[in-house]
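**Student:** File entry_33.txt follows (compact mmCIF, C-alpha atoms and all ligand atoms):
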# COMPACT_ATOMS: atom_id res chain seq x y z
CA MET A 118 -21.59 -15.76 -10.78
CA ASN A 119 -22.65 -12.12 -11.09
CA ILE A 120 -20.62 -9.62 -9.08
CA LEU A 121 -21.15 -6.00 -8.02
CA LEU A 122 -18.10 -3.77 -7.55
CA ILE A 123 -18.53 -0.56 -5.55
CA GLY A 124 -16.35 2.45 -6.41
CA SER A 125 -15.19 4.67 -9.25
CA GLY A 126 -11.44 5.18 -9.04
CA GLY A 127 -8.31 3.75 -10.61
CA ARG A 128 -8.28 1.17 -7.82
CA GLU A 129 -11.68 -0.07 -8.90
CA HIS A 130 -10.72 -0.09 -12.60
CA ALA A 131 -7.77 -2.35 -11.73
CA LEU A 132 -10.05 -4.60 -9.62
CA ALA A 133 -12.70 -4.68 -12.38
CA TRP A 134 -10.08 -5.67 -14.94
CA ARG A 135 -8.90 -8.64 -12.87
CA LEU A 136 -12.37 -9.67 -11.64
CA SER A 137 -13.70 -9.73 -15.21
CA GLN A 138 -10.89 -12.10 -16.25
CA SER A 139 -11.95 -14.75 -13.76
CA PRO A 140 -13.63 -17.83 -15.25
CA SER A 141 -16.21 -17.67 -12.45
CA CYS A 142 -17.25 -14.07 -13.24
CA ASP A 143 -20.40 -14.10 -15.38
CA LYS A 144 -21.61 -10.54 -15.33
CA LEU A 145 -19.77 -7.72 -13.56
CA PHE A 146 -21.74 -4.67 -12.44
CA ALA A 147 -20.03 -1.54 -11.10
CA CYS A 148 -21.53 1.29 -9.08
CA PRO A 149 -20.92 4.01 -10.07
CA GLY A 150 -17.83 2.95 -12.08
CA ASN A 151 -16.12 5.13 -14.69
CA PRO A 152 -15.51 5.05 -18.47
CA GLY A 153 -12.58 2.61 -18.10
CA ILE A 154 -14.61 0.24 -15.92
CA ASP A 155 -17.44 0.56 -18.47
CA GLU A 156 -15.32 -1.53 -20.87
CA VAL A 157 -15.56 -4.60 -18.61
CA ALA A 158 -18.69 -4.04 -16.51
CA GLU A 159 -22.22 -2.72 -16.67
CA LEU A 160 -22.38 0.59 -14.83
CA VAL A 161 -25.26 1.16 -12.44
CA ALA A 162 -26.28 4.35 -10.65
CA ILE A 163 -27.64 3.50 -7.22
CA ASP A 164 -27.17 5.45 -4.03
CA ILE A 165 -24.82 3.26 -2.04
CA SER A 166 -25.71 5.00 1.21
CA ASP A 167 -29.16 3.42 0.75
CA HIS A 168 -28.18 -0.10 1.80
CA ALA A 169 -31.61 -1.64 1.24
CA THR A 170 -31.62 -0.48 -2.38
CA VAL A 171 -28.17 -1.99 -2.96
CA ALA A 172 -29.36 -5.30 -1.46
CA ASP A 173 -32.54 -5.19 -3.59
CA PHE A 174 -30.46 -4.54 -6.71
CA CYS A 175 -28.33 -7.59 -5.90
CA LYS A 176 -31.41 -9.78 -5.40
CA ALA A 177 -33.03 -8.55 -8.62
CA ASN A 178 -29.87 -9.23 -10.63
CA ALA A 179 -28.87 -12.56 -9.04
CA ILE A 180 -25.70 -11.08 -7.51
CA PRO A 181 -24.41 -13.18 -4.59
CA PHE A 182 -21.10 -11.30 -4.15
CA VAL A 183 -20.16 -7.63 -3.69
CA VAL A 184 -16.61 -6.24 -3.72
CA VAL A 185 -16.29 -2.87 -1.97
CA GLY A 186 -13.41 -0.65 -3.13
CA PRO A 187 -13.43 2.45 -0.88
CA GLU A 188 -13.50 2.74 2.92
CA ALA A 189 -16.46 5.07 3.46
CA PRO A 190 -19.24 2.54 2.65
CA LEU A 191 -17.50 -0.07 4.85
CA VAL A 192 -17.22 2.29 7.82
CA ASP A 193 -20.87 3.15 7.11
CA GLY A 194 -21.91 -0.52 7.50
CA LEU A 195 -22.68 -1.49 3.89
CA GLY A 196 -20.93 -4.83 4.53
CA ASP A 197 -23.20 -5.53 7.54
CA SER A 198 -26.36 -4.70 5.61
CA LEU A 199 -25.47 -6.86 2.60
CA ARG A 200 -24.39 -9.79 4.79
CA ALA A 201 -27.67 -9.54 6.69
CA ALA A 202 -29.39 -9.91 3.30
CA GLY A 203 -27.41 -13.12 2.61
CA ILE A 204 -24.92 -11.54 0.18
CA LYS A 205 -21.19 -12.19 0.48
CA VAL A 206 -18.99 -9.12 0.76
CA PHE A 207 -15.29 -8.50 0.24
CA GLY A 208 -14.61 -5.87 2.88
CA PRO A 209 -15.10 -5.77 6.64
CA ASN A 210 -18.20 -5.07 8.68
CA ALA A 211 -18.39 -1.65 10.35
CA ASN A 212 -17.14 -2.96 13.71
CA ALA A 213 -13.95 -4.15 11.95
CA ALA A 214 -13.63 -1.25 9.48
CA VAL A 215 -13.10 0.77 12.65
CA LEU A 216 -9.43 -0.16 12.12
CA GLU A 217 -9.47 2.65 9.53
CA GLY A 218 -12.39 4.58 10.98
CA SER A 219 -10.80 5.29 14.37
CA LYS A 220 -7.08 5.88 14.80
CA GLY A 221 -7.51 5.77 18.58
CA PHE A 222 -9.11 2.30 18.38
CA VAL A 223 -6.04 0.98 16.54
CA LYS A 224 -3.63 2.55 19.02
CA ASP A 225 -5.47 0.96 21.97
CA LEU A 226 -5.49 -2.40 20.16
CA CYS A 227 -1.74 -2.13 19.55
CA ALA A 228 -1.13 -1.28 23.21
CA ARG A 229 -3.20 -4.27 24.42
CA GLU A 230 -1.65 -6.73 21.96
CA ASN A 231 1.91 -5.45 22.18
CA ILE A 232 1.99 -4.51 18.49
CA PRO A 233 4.90 -2.18 17.66
CA THR A 234 3.70 1.38 16.91
CA ALA A 235 4.44 4.99 17.96
CA ALA A 236 3.76 6.02 21.58
CA TYR A 237 0.47 7.92 21.79
CA ALA A 238 -2.29 9.56 23.81
CA ARG A 239 -6.02 9.86 23.00
CA HIS A 240 -7.89 13.01 23.98
CA SER A 241 -11.48 14.14 23.67
CA GLU A 242 -10.96 17.37 25.57
CA LYS A 243 -8.89 20.28 24.24
CA MET A 244 -7.26 21.53 27.45
CA ALA A 245 -6.14 18.04 28.44
CA ALA A 246 -4.69 17.48 24.97
CA LEU A 247 -2.76 20.77 25.09
CA ALA A 248 -1.46 19.98 28.57
CA ASP A 249 -0.25 16.56 27.41
CA LEU A 250 1.78 17.87 24.46
CA ALA A 251 4.99 18.71 26.28
CA ARG A 252 5.96 15.11 27.06
CA PHE A 253 6.04 14.24 23.33
CA GLY A 254 8.62 16.90 22.35
CA VAL A 255 8.82 17.94 18.67
CA PRO A 256 8.29 17.02 15.93
CA VAL A 257 5.02 15.51 17.08
CA VAL A 258 2.12 14.07 15.10
CA ILE A 259 -1.45 15.24 15.70
CA LYS A 260 -4.27 13.16 14.18
CA ALA A 261 -8.02 13.55 13.97
CA ASP A 262 -9.43 10.25 15.22
CA GLY A 263 -12.00 9.62 12.47
CA LEU A 264 -12.09 9.52 8.66
CA ALA A 265 -10.91 12.83 7.23
CA ALA A 266 -10.37 11.91 3.58
CA GLY A 267 -6.67 11.31 4.23
CA LYS A 268 -6.16 14.87 5.50
CA GLY A 269 -6.49 14.52 9.27
CA VAL A 270 -2.77 14.08 10.05
CA ILE A 271 -0.56 17.04 10.94
CA ILE A 272 3.15 16.69 11.55
CA ALA A 273 3.97 19.63 13.81
CA GLU A 274 7.59 20.78 13.76
CA THR A 275 7.16 23.21 16.66
CA ALA A 276 5.14 23.31 19.88
CA SER A 277 3.10 26.22 18.56
CA GLU A 278 2.20 24.32 15.36
CA ALA A 279 1.15 21.39 17.54
CA ARG A 280 -1.07 23.63 19.68
CA ASP A 281 -2.60 25.19 16.55
CA ALA A 282 -3.31 21.72 15.13
CA ILE A 283 -5.07 20.61 18.30
CA GLU A 284 -7.12 23.81 18.45
CA HIS A 285 -8.04 23.51 14.76
CA MET A 286 -9.25 19.93 15.28
CA PHE A 287 -11.31 20.68 18.37
CA GLU A 288 -12.80 23.71 16.63
CA GLY A 289 -14.18 21.37 13.96
CA GLY A 290 -11.50 21.87 11.29
CA PHE A 291 -11.95 18.23 10.26
CA GLY A 292 -15.63 18.01 11.19
CA ASP A 293 -16.69 15.16 13.45
CA ALA A 294 -13.45 13.31 12.69
CA GLY A 295 -11.64 15.72 15.04
CA ALA A 296 -13.98 15.36 18.03
CA GLU A 297 -11.21 13.19 19.42
CA VAL A 298 -7.50 13.56 18.67
CA VAL A 299 -4.52 11.26 18.91
CA ILE A 300 -1.11 12.69 19.78
CA GLU A 301 1.74 10.50 18.54
CA GLU A 302 5.47 10.24 18.91
CA PHE A 303 7.16 11.13 15.59
CA MET A 304 8.84 8.08 14.04
CA THR A 305 11.68 8.23 11.53
CA GLY A 306 12.47 5.71 8.83
CA GLU A 307 11.36 4.69 5.36
CA GLU A 308 7.65 4.06 4.78
CA VAL A 309 6.27 0.94 3.13
CA SER A 310 2.73 -0.20 2.44
CA PHE A 311 1.98 -3.84 3.08
CA PHE A 312 -1.17 -5.74 2.14
CA ALA A 313 -2.65 -8.93 3.58
CA ILE A 314 -5.97 -10.62 2.94
CA SER A 315 -8.03 -12.15 5.74
CA ASP A 316 -11.21 -14.23 6.01
CA GLY A 317 -11.57 -13.37 9.69
CA THR A 318 -9.39 -16.19 11.00
CA HIS A 319 -6.73 -16.89 8.35
CA VAL A 320 -4.56 -14.21 6.82
CA VAL A 321 -2.22 -14.34 3.81
CA PRO A 322 0.34 -11.78 2.61
CA PHE A 323 -0.51 -9.90 -0.58
CA GLY A 324 2.64 -7.92 -1.33
CA SER A 325 4.23 -4.56 -0.66
CA ALA A 326 4.31 -1.18 -2.39
CA GLN A 327 5.63 2.32 -1.95
CA ASP A 328 3.81 5.42 -3.07
CA HIS A 329 4.65 9.05 -3.64
CA LYS A 330 2.28 11.32 -1.74
CA ARG A 331 3.65 14.79 -2.63
CA VAL A 332 2.45 16.42 -5.81
CA GLY A 333 5.86 17.54 -7.11
CA ASP A 334 9.05 15.93 -8.36
CA GLY A 335 11.59 15.21 -5.62
CA ASP A 336 8.72 14.64 -3.16
CA THR A 337 7.93 18.37 -2.88
CA GLY A 338 4.69 20.37 -2.60
CA PRO A 339 1.38 19.51 -0.99
CA ASN A 340 0.21 16.01 -0.11
CA THR A 341 -2.11 14.16 -2.47
CA GLY A 342 -3.91 10.82 -2.46
CA GLY A 343 -0.80 9.43 -4.24
CA MET A 344 0.93 10.47 -7.48
CA GLY A 345 2.36 7.05 -8.28
CA ALA A 346 3.50 3.78 -6.75
CA TYR A 347 5.57 0.70 -7.38
CA SER A 348 5.48 -2.89 -6.17
CA PRO A 349 7.20 -4.77 -4.66
CA ALA A 350 9.10 -2.39 -2.38
CA PRO A 351 12.57 -3.95 -2.58
CA ILE A 352 13.52 -2.78 0.92
CA PHE A 353 10.64 -4.85 2.29
CA THR A 354 12.47 -8.18 2.38
CA ASN A 355 10.90 -11.60 3.04
CA THR A 356 12.37 -11.42 6.54
CA LEU A 357 10.62 -8.11 7.20
CA GLU A 358 7.39 -9.49 5.77
CA ALA A 359 7.55 -12.48 8.11
CA GLU A 360 8.22 -10.19 11.07
CA VAL A 361 5.30 -7.91 10.17
CA MET A 362 2.95 -10.88 9.74
CA GLN A 363 4.00 -12.30 13.09
CA ARG A 364 4.18 -9.12 15.19
CA ILE A 365 1.53 -6.89 13.59
CA ILE A 366 -0.97 -8.61 11.27
CA ASP A 367 -1.50 -11.99 13.01
CA PRO A 368 -2.08 -10.47 16.47
CA THR A 369 -4.55 -8.00 14.92
CA VAL A 370 -6.56 -10.76 13.22
CA LYS A 371 -6.61 -12.82 16.44
CA ALA A 372 -7.60 -9.89 18.66
CA MET A 373 -10.39 -8.75 16.31
CA ALA A 374 -11.82 -12.30 16.12
CA ARG A 375 -11.58 -12.76 19.88
CA ASP A 376 -13.27 -9.43 20.53
CA GLY A 377 -16.25 -10.26 18.32
CA CYS A 378 -15.33 -8.00 15.40
CA SER A 379 -13.51 -10.41 13.10
CA TYR A 380 -11.92 -8.72 10.13
CA SER A 381 -12.42 -10.02 6.61
CA GLY A 382 -11.12 -8.13 3.62
CA VAL A 383 -7.77 -6.54 2.92
CA PHE A 384 -5.43 -5.03 5.48
CA PHE A 385 -3.52 -2.09 4.06
CA ALA A 386 -0.87 -1.48 6.71
CA GLY A 387 1.18 1.70 6.57
CA LEU A 388 4.53 0.79 8.12
CA MET A 389 7.57 2.75 9.24
CA LEU A 390 10.83 0.83 8.99
CA THR A 391 12.53 2.30 12.07
CA SER A 392 15.92 1.49 13.55
CA GLU A 393 13.99 -0.58 16.12
CA GLY A 394 12.21 -2.59 13.43
CA PRO A 395 8.95 -2.18 11.53
CA LYS A 396 6.19 -0.26 13.31
CA LEU A 397 2.56 0.25 12.37
CA ILE A 398 1.64 3.81 11.32
CA GLU A 399 -1.97 3.07 10.45
CA TYR A 400 -4.40 0.56 9.00
CA ASN A 401 -6.71 1.07 6.06
CA CYS A 402 -9.57 -1.36 5.46
CA ARG A 403 -9.30 -1.29 1.64
CA PHE A 404 -6.70 -1.48 -1.09
CA GLY A 405 -4.57 1.63 -1.60
CA ASP A 406 -5.12 3.84 -4.61
CA PRO A 407 -2.83 3.76 -6.65
CA GLU A 408 -1.15 0.84 -4.80
CA CYS A 409 -3.94 -1.53 -5.92
CA GLN A 410 -3.11 -0.83 -9.57
CA VAL A 411 0.46 -2.12 -9.20
CA LEU A 412 -0.65 -5.12 -7.11
CA MET A 413 -3.29 -6.12 -9.69
CA MET A 414 -0.70 -5.77 -12.44
CA ARG A 415 1.46 -8.37 -10.64
CA PHE A 416 -1.34 -10.64 -9.39
CA GLU A 417 -1.33 -14.07 -11.00
CA GLY A 418 -4.42 -16.09 -10.40
CA ASP A 419 -8.16 -15.93 -10.07
CA LEU A 420 -9.17 -12.75 -8.22
CA VAL A 421 -12.80 -13.81 -7.78
CA GLU A 422 -11.70 -17.06 -6.15
CA LEU A 423 -9.37 -15.22 -3.74
CA LEU A 424 -11.73 -12.39 -2.76
CA LEU A 425 -14.69 -14.76 -2.43
CA ALA A 426 -12.61 -17.04 -0.17
CA ALA A 427 -11.83 -14.02 2.01
CA ALA A 428 -15.56 -13.20 2.13
CA THR A 429 -16.34 -16.74 3.34
CA ASP A 430 -15.80 -17.70 6.96
CA GLY A 431 -12.54 -19.68 7.03
CA GLY A 432 -12.53 -19.75 3.22
CA LEU A 433 -8.85 -18.93 2.72
CA ALA A 434 -7.93 -22.39 4.04
CA ASN A 435 -9.33 -23.86 0.81
CA VAL A 436 -7.53 -21.79 -1.80
CA ASN A 437 -3.92 -21.42 -2.90
CA ARG A 438 -1.89 -18.59 -1.43
CA PRO A 439 -2.03 -15.54 -3.69
CA ARG A 440 0.86 -15.35 -6.11
CA LEU A 441 2.31 -12.12 -7.42
CA SER A 442 4.69 -11.98 -10.37
CA ASP A 443 8.39 -11.50 -9.61
CA GLU A 444 8.36 -8.53 -11.93
CA TYR A 445 8.10 -4.93 -10.75
CA ALA A 446 5.04 -2.86 -11.53
CA LEU A 447 5.05 0.93 -11.52
CA THR A 448 2.15 3.33 -11.98
CA VAL A 449 2.23 7.03 -12.83
CA VAL A 450 -0.79 9.13 -11.93
CA MET A 451 -1.80 11.73 -14.54
CA ALA A 452 -3.75 14.43 -12.74
CA ALA A 453 -5.67 17.47 -13.93
CA LYS A 454 -3.88 20.81 -13.52
CA GLY A 455 -4.82 22.37 -10.19
CA TYR A 456 -4.79 19.08 -8.25
CA PRO A 457 -4.64 18.67 -5.23
CA GLY A 458 -6.45 22.03 -5.18
CA THR A 459 -9.35 22.56 -7.59
CA PRO A 460 -8.66 20.48 -10.71
CA GLU A 461 -9.49 21.72 -14.23
CA LYS A 462 -12.43 19.71 -15.49
CA GLY A 463 -13.30 18.86 -19.06
CA GLY A 464 -9.79 18.76 -20.58
CA HIS A 465 -9.59 16.46 -23.62
CA ILE A 466 -7.65 13.20 -23.41
CA ARG A 467 -6.46 11.09 -26.32
CA ILE A 468 -4.85 7.76 -25.50
CA GLY A 469 -2.35 6.61 -28.17
CA ASN A 470 -0.49 3.32 -28.43
CA VAL A 471 0.68 2.45 -24.92
CA GLY A 472 2.11 -0.97 -25.83
CA ALA A 473 1.98 -3.47 -22.99
CA ALA A 474 1.23 -0.80 -20.38
CA ARG A 475 -2.29 -0.49 -18.98
CA VAL A 476 -4.21 2.73 -18.57
CA PHE A 477 -6.52 2.63 -15.57
CA HIS A 478 -9.15 5.34 -15.47
CA ALA A 479 -9.88 7.32 -12.30
CA GLY A 480 -11.51 10.75 -12.78
CA THR A 481 -12.58 10.51 -16.41
CA ALA A 482 -15.88 11.06 -18.19
CA VAL A 483 -17.13 10.84 -21.76
CA ASN A 484 -18.63 14.01 -23.26
CA ASP A 485 -19.92 13.87 -26.84
CA SER A 486 -17.91 10.65 -27.42
CA GLN A 487 -14.76 12.45 -26.25
CA LEU A 488 -12.81 11.24 -23.19
CA VAL A 489 -12.33 14.16 -20.78
CA ALA A 490 -10.91 14.82 -17.32
CA ASN A 491 -13.51 14.76 -14.57
CA GLY A 492 -11.57 14.77 -11.29
CA GLY A 493 -8.20 15.37 -9.65
CA ARG A 494 -6.42 12.11 -10.36
CA VAL A 495 -7.46 11.16 -13.88
CA LEU A 496 -5.44 8.25 -15.30
CA ASN A 497 -3.00 5.69 -13.87
CA ILE A 498 -0.44 4.55 -16.42
CA THR A 499 0.87 1.20 -15.24
CA ALA A 500 3.66 -1.00 -16.59
CA LEU A 501 5.73 -4.05 -15.66
CA GLY A 502 9.51 -4.46 -15.88
CA SER A 503 12.32 -6.67 -14.64
CA SER A 504 13.51 -3.82 -12.37
CA VAL A 505 11.94 -0.61 -11.08
CA THR A 506 14.10 1.22 -13.65
CA ASP A 507 12.62 -0.86 -16.51
CA ALA A 508 9.05 -0.54 -15.22
CA GLN A 509 9.56 3.21 -14.87
CA ALA A 510 10.85 3.52 -18.46
CA ALA A 511 7.89 1.51 -19.79
CA ALA A 512 5.35 3.53 -17.79
CA TYR A 513 6.77 6.89 -18.96
CA ALA A 514 6.94 5.71 -22.58
CA ALA A 515 3.19 5.04 -22.27
CA VAL A 516 2.60 8.41 -20.55
CA ASP A 517 4.25 10.04 -23.58
CA ALA A 518 1.71 8.30 -25.84
CA ILE A 519 -1.14 10.12 -24.07
CA ASP A 520 -2.27 13.52 -25.23
CA PHE A 521 -3.76 15.32 -22.22
CA PRO A 522 -2.85 19.03 -22.47
CA SER A 523 -4.64 20.03 -19.26
CA GLY A 524 -3.00 17.24 -17.27
CA PHE A 525 0.33 16.75 -15.57
CA CYS A 526 2.28 14.00 -13.82
CA ARG A 527 5.42 13.58 -11.78
CA ARG A 528 8.39 12.48 -13.89
CA ASP A 529 10.26 10.70 -11.08
CA ILE A 530 7.96 7.97 -9.72
CA GLY A 531 10.19 5.23 -8.28
CA TRP A 532 13.22 7.54 -8.02
CA ARG A 533 14.49 6.11 -4.76
CA GLU A 534 14.71 2.60 -6.19
CA VAL A 535 16.11 3.79 -9.50
CA VAL A 536 18.97 5.45 -7.57
CA ARG A 537 19.51 2.26 -5.54
CA GLU A 538 19.46 0.05 -8.62
CA ARG A 539 22.00 2.33 -10.32
CA SER A 540 24.36 2.29 -7.33
CA ASP A 541 23.99 -1.50 -6.98
CA ALA A 542 25.02 -1.85 -10.63
CA GLU A 543 28.19 0.22 -10.12
P1 LIG B 1 -1.70 8.32 8.07
O1 LIG B 1 -2.89 8.98 7.41
O2 LIG B 1 -1.91 7.90 9.48
O3 LIG B 1 -1.03 7.31 7.17
O4 LIG B 1 -0.60 9.46 8.11
C1 LIG B 1 -0.22 10.12 6.93
C2 LIG B 1 1.27 10.22 6.88
O5 LIG B 1 1.75 10.91 8.03
C3 LIG B 1 1.97 8.87 6.92
O6 LIG B 1 2.04 8.29 5.67
C4 LIG B 1 3.32 9.27 7.49
O7 LIG B 1 4.13 9.81 6.47
C5 LIG B 1 2.98 10.37 8.44
N1 LIG B 1 2.87 9.87 9.82
C6 LIG B 1 1.76 9.45 10.44
N2 LIG B 1 2.03 9.07 11.70
C7 LIG B 1 3.35 9.27 11.89
C8 LIG B 1 4.25 9.09 13.00
N3 LIG B 1 3.83 8.66 14.18
N4 LIG B 1 5.55 9.41 12.81
C9 LIG B 1 6.00 9.90 11.63
N5 LIG B 1 5.20 10.09 10.57
C10 LIG B 1 3.89 9.79 10.68
N1 LIG B 2 -2.37 5.91 -1.71
C1 LIG B 2 -2.74 5.99 -0.36
C2 LIG B 2 -4.11 5.54 -0.05
O1 LIG B 2 -4.79 4.90 -0.82
O2 LIG B 2 -4.53 5.81 1.07
Can you present the structure in this file as C-alpha cells?

**Tutor:**
Amino acid sequence: MNILLIGSGGREHALAWRLSQSPSCDKLFACPGNPGIDEVAELVAIDISDHATVADFCKANAIPFVVVGPEAPLVDGLGDSLRAAGIKVFGPNANAAVLEGSKGFVKDLCARENIPTAAYARHSEKMAALADLARFGVPVVIKADGLAAGKGVIIAETASEARDAIEHMFEGGFGDAGAEVVIEEFMTGEEVSFFAISDGTHVVPFGSAQDHKRVGDGDTGPNTGGMGAYSPAPIFTNTLEAEVMQRIIDPTVKAMARDGCSYSGVFFAGLMLTSEGPKLIEYNCRFGDPECQVLMMRFEGDLVELLLAAATDGGLANVNRPRLSDEYALTVVMAAKGYPGTPEKGGHIRIGNVGAARVFHAGTAVNDSQLVANGGRVLNITALGSSVTDAQAAAYAAVDAIDFPSGFCRRDIGWREVVRERSDAE
C-alpha cells in the first residue's frame, strides 16, 4: 500500500526508515520530510493545516494510510479529517490528543481513575491561582495548560519564582497555552519515558527510554528538545512496566474509550519513579524525539503491520506483540551552534564512514548538492550495543566520522547507565 508520513524531524526519518522496509509498503510519501527521509520516500510540499488538501492528495495518490509524527496536527484534528475521508491514521483524533493538548485534562482524568500522579490544582483566574500557591510549598511546578512547544513548565524553587511564573502565564507569556495553569506538587525520583501502542481498546507495551534534556555535559545549561537518548532504560524493570501498564496505561485506555474519545496511536508517558512507585508526569500523543530513533533501532518486525493495526478498531488483537531487540540503542544529537537559542544555519556537513551506526537527519537541507545544517537539532547518530557502554562507544565513534564544524554534541549521553554498568562490573 502507499503511505503518507507527516513530519520532518529525526523521529520521522527513523519512522520512514522502518516503514519503507515493510513488505506491505509500496510507495512512501513524506510531508514535508527532510534530505534523509528523501532517500526512502517521495517528499511532498502540502500545507498540512489544510486538511482537505491532505485528504485530496491521499485520494489522488491511492494512499489509504497516514502516519502522523508530531503532536500539533493531531491536536489540530488532522486525524479526524482524514478518518472522515475514509483514510486510516496512526495517531489519535483531536478529542484524544487532548491527553497532550491539555495538562489539566490529564490531571482530572488521573484523579477520576485513581492513576498515580502529582497532586495538583487547575486555575483559569490569576488571583485564585496565586492564593492557592501556599498549600503546595516549594519547590512547586507551574504549567501552562496547552501546547507550548515543550516550554510551558516552570519548576519554581521559591514562592516568588512561583508567583512570577503564574503572572507570566496569565499575561500571555506562553500565548493561549497559558490561559489556564496547573499547579503541581514537585515529585522527586528518576525520570523514564515509556511507550505503549493502542488501537482504542487494546494496548501493548513498546519499550522504555531515557533522554537528556539539558544542552550541556553533566546535564547542565538550558533545556532542549533532547540531546540524546538510550533504550531500554535498565532501571525500568519488567515489574515496573507491568505496574505502569496496570495502574496508568490500561485505566487511561479504558476511561478514554468509555468517555467517547478512544485513543489510538502511541502513548508516550513521562514517568517519575518515586519512592511511592511510578507516577505519571505527563502524556504525549506521539513518539518522542529522539526517543523514537532508539526505539526504531531496536524494533524487530513489520512497522506498517503494527501501526496499521493500531489505526484499525480492535486491530491489535490480530497481530503479534511488538518485539524489540535485547540490545541497547543510544542516539547522540548533533546540533548547530547556538541551539537551543538561535542556531547557526548553513554550516557544511560531511558524513564519513559510520559503520553499523545510523545517521538520522533532523534539521538538514541540501544547498548546491552540499548537505548543510538547517535547524537546531541537525543529526541523530544512533548505534546498538550489548550494553549502554558499548552502544555509547559505537555512537561516538560514528559522531567522530562526521565533519560538521558549526555543530556540537554532548559527549556524555547515557552517562548514568555507564556509571552503573561500571560499578556493577566491579
Ligand atoms: P513536562 O513537559 O510535563 O514533561 O515537564 C517537563 C519536565 O518538567 C519533566 O520532564 C520533569 O523533569 C519536570 N516536571 C514536570 N512535572 C513535574 C513534577 N510534578 N515534579 C517534578 N518535576 C516535574
Ligand atoms: N524528547 C522529548 C520529547 O520528544 O518530547

**Student:** Hey, which residues come within 8 Å of ligand LIG 2 (chain B) if we count all atoms listed in the file? Could you give them as a list in words?

**Tutor:**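 Checking all atoms listed in the file against ligand LIG 2 (chain B) at 8 Å gives Gly267, Asp328, His329, Lys330, Gly342, Gly343, Asn401, Phe404, Gly405, Asp406, Pro407 and Glu408 of chain A.
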
**Student:** Padding 6 Å on every side, please: axis-aligned box over the listed atoms of ligand LIG 1 (chain B), centre and edge lengths to one decimal in Å, as lines of an AutoDock Vina configuration file.

**Tutor:**
center_x = 1.6
center_y = 9.1
center_z = 9.9
size_x = 20.9
size_y = 15.6
size_z = 20.5

**Student:** Residues of chain A within 6 Å of ligand LIG 1 (chain B): nearest atom pair and distance (Å, one decimal) for each, counting only C-alpha atoms and all ligand atoms, sorted by chain and number, as CSV?

**Tutor:**
residue,atom,partner,partner_atom,distance
A:Ala235,CA,B:LIG1,N3,5.3
A:Val258,CA,B:LIG1,N3,5.7
A:Gly267,CA,B:LIG1,O1,5.5
A:Val270,CA,B:LIG1,O4,5.5
A:Glu301,CA,B:LIG1,N3,5.2
A:Glu302,CA,B:LIG1,N3,5.2
A:Phe303,CA,B:LIG1,N4,3.6
A:Met304,CA,B:LIG1,N4,3.8
A:Thr305,CA,B:LIG1,C9,5.9
A:Ile398,CA,B:LIG1,N2,5.3
A:Glu399,CA,B:LIG1,O2,4.9

**Student:** Name all residues at most 9 Å from A:Lys144 (count only C-alpha atoms; drop same-chain ones fewer than 6 positions away) and give them as a list of chain:residue names.

**Tutor:** A:Met118, A:Asn119, A:Ile120, A:Leu121, A:Ser137, A:Ala158, A:Glu159, A:Ile180

**Student:** Of the residues A:Ser315, A:Ala228, A:Pro152, A:Asp367, which is the one nearest to A:Arg403, using only C-alpha atoms?

**Tutor:**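 Of A:Ser315, A:Ala228, A:Pro152, A:Asp367, the one nearest A:Arg403 is A:Ser315, counting only C-alpha atoms.
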
**Student:** Nearest to A:Glu156: which of A:Ala131, A:Val184, A:Met244, A:Val411 is it, counting only C-alpha atoms?

**Tutor:**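 Looking only at the distances to A:Glu156, the closest residue turns out to be A:Ala131.
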
**Student:** Please, what distance in Å, to one decimal, runs between atom CA of A:Ser442 and atom CA of A:Ser325?

**Tutor:**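 Spanning atom CA of A:Ser442 to atom CA of A:Ser325 is a straight-line distance of 12.2 Å.
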
**Student:** Write out as an mmCIF file with C-alpha atoms, in the frame of the given file the residues lying within 10 Å of A:Ser125, counting only C-alpha atoms and excluding same-chain residues fewer than 3 positions away.

**Tutor:**
data_model
loop_
_atom_site.group_PDB
_atom_site.id
_atom_site.type_symbol
_atom_site.label_atom_id
_atom_site.label_comp_id
_atom_site.auth_asym_id
_atom_site.auth_seq_id
_atom_site.Cartn_x
_atom_site.Cartn_y
_atom_site.Cartn_z
ATOM 1 C CA LEU A 122 -18.100 -3.770 -7.550
ATOM 2 C CA ARG A 128 -8.280 1.170 -7.820
ATOM 3 C CA GLU A 129 -11.680 -0.070 -8.900
ATOM 4 C CA HIS A 130 -10.720 -0.090 -12.600
ATOM 5 C CA ALA A 147 -20.030 -1.540 -11.100
ATOM 6 C CA CYS A 148 -21.530 1.290 -9.080
ATOM 7 C CA PRO A 149 -20.920 4.010 -10.070
ATOM 8 C CA GLY A 150 -17.830 2.950 -12.080
ATOM 9 C CA ASN A 151 -16.120 5.130 -14.690
ATOM 10 C CA PRO A 152 -15.510 5.050 -18.470
ATOM 11 C CA GLY A 153 -12.580 2.610 -18.100
ATOM 12 C CA ILE A 154 -14.610 0.240 -15.920
ATOM 13 C CA LEU A 160 -22.380 0.590 -14.830
ATOM 14 C CA GLY A 186 -13.410 -0.650 -3.130
ATOM 15 C CA PRO A 187 -13.430 2.450 -0.880
ATOM 16 C CA HIS A 478 -9.150 5.340 -15.470
ATOM 17 C CA ALA A 479 -9.880 7.320 -12.300
ATOM 18 C CA GLY A 480 -11.510 10.750 -12.780
ATOM 19 C CA THR A 481 -12.580 10.510 -16.410
#

**Student:** Please provide the set of residues having any atom within 12 Å of A:Gly338, restricted to only C-alpha atoms, with same-chain residues fewer than 3 positions apart removed, written as a list in words.

**Tutor:**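 Everything that qualifies: His329, Lys330, Arg331, Val332, Gly333, Asp334, Gly335, Thr341, Met344, Tyr456, Pro457, Gly458 and Arg527 of chain A.
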
**Student:** Which is closest to A:Gly196 among A:Ser277, A:Gln410, A:Thr337, A:Ser381, if we use all atoms listed in the file?

**Tutor:**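 Using all atoms listed in the file, the shortest distance to A:Gly196 belongs to A:Ser381.
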
**Student:** List as a PyMOL selection string: which residues have an atom within 12 Å of (10.4, -6.3, -3.5), counting all atoms listed in the file?

**Tutor:** chain A and resi 309-311+323-327+347-358+412+415+441-446+503-505+534

**Student:** Quick one: pull the distance between atom CA of A:Ser141 and atom CA of A:Thr448, Å, one decimal.

**Tutor:**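 Between these atoms lies a distance of 27.9 Å.
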
**Student:** Show me, as a CSV table (one decimal) with C-alpha atoms, keeping the file's coordinate frame, the residues that have an atom within 9 Å of A:Asp517 when counting all atoms listed in the file, minus same-chain residues fewer than 4 positions from it.

**Tutor:**
chain,number,residue,atom,x,y,z
A,469,GLY,CA,-2.4,6.6,-28.2
A,471,VAL,CA,0.7,2.4,-24.9
A,512,ALA,CA,5.4,3.5,-17.8
A,513,TYR,CA,6.8,6.9,-19.0
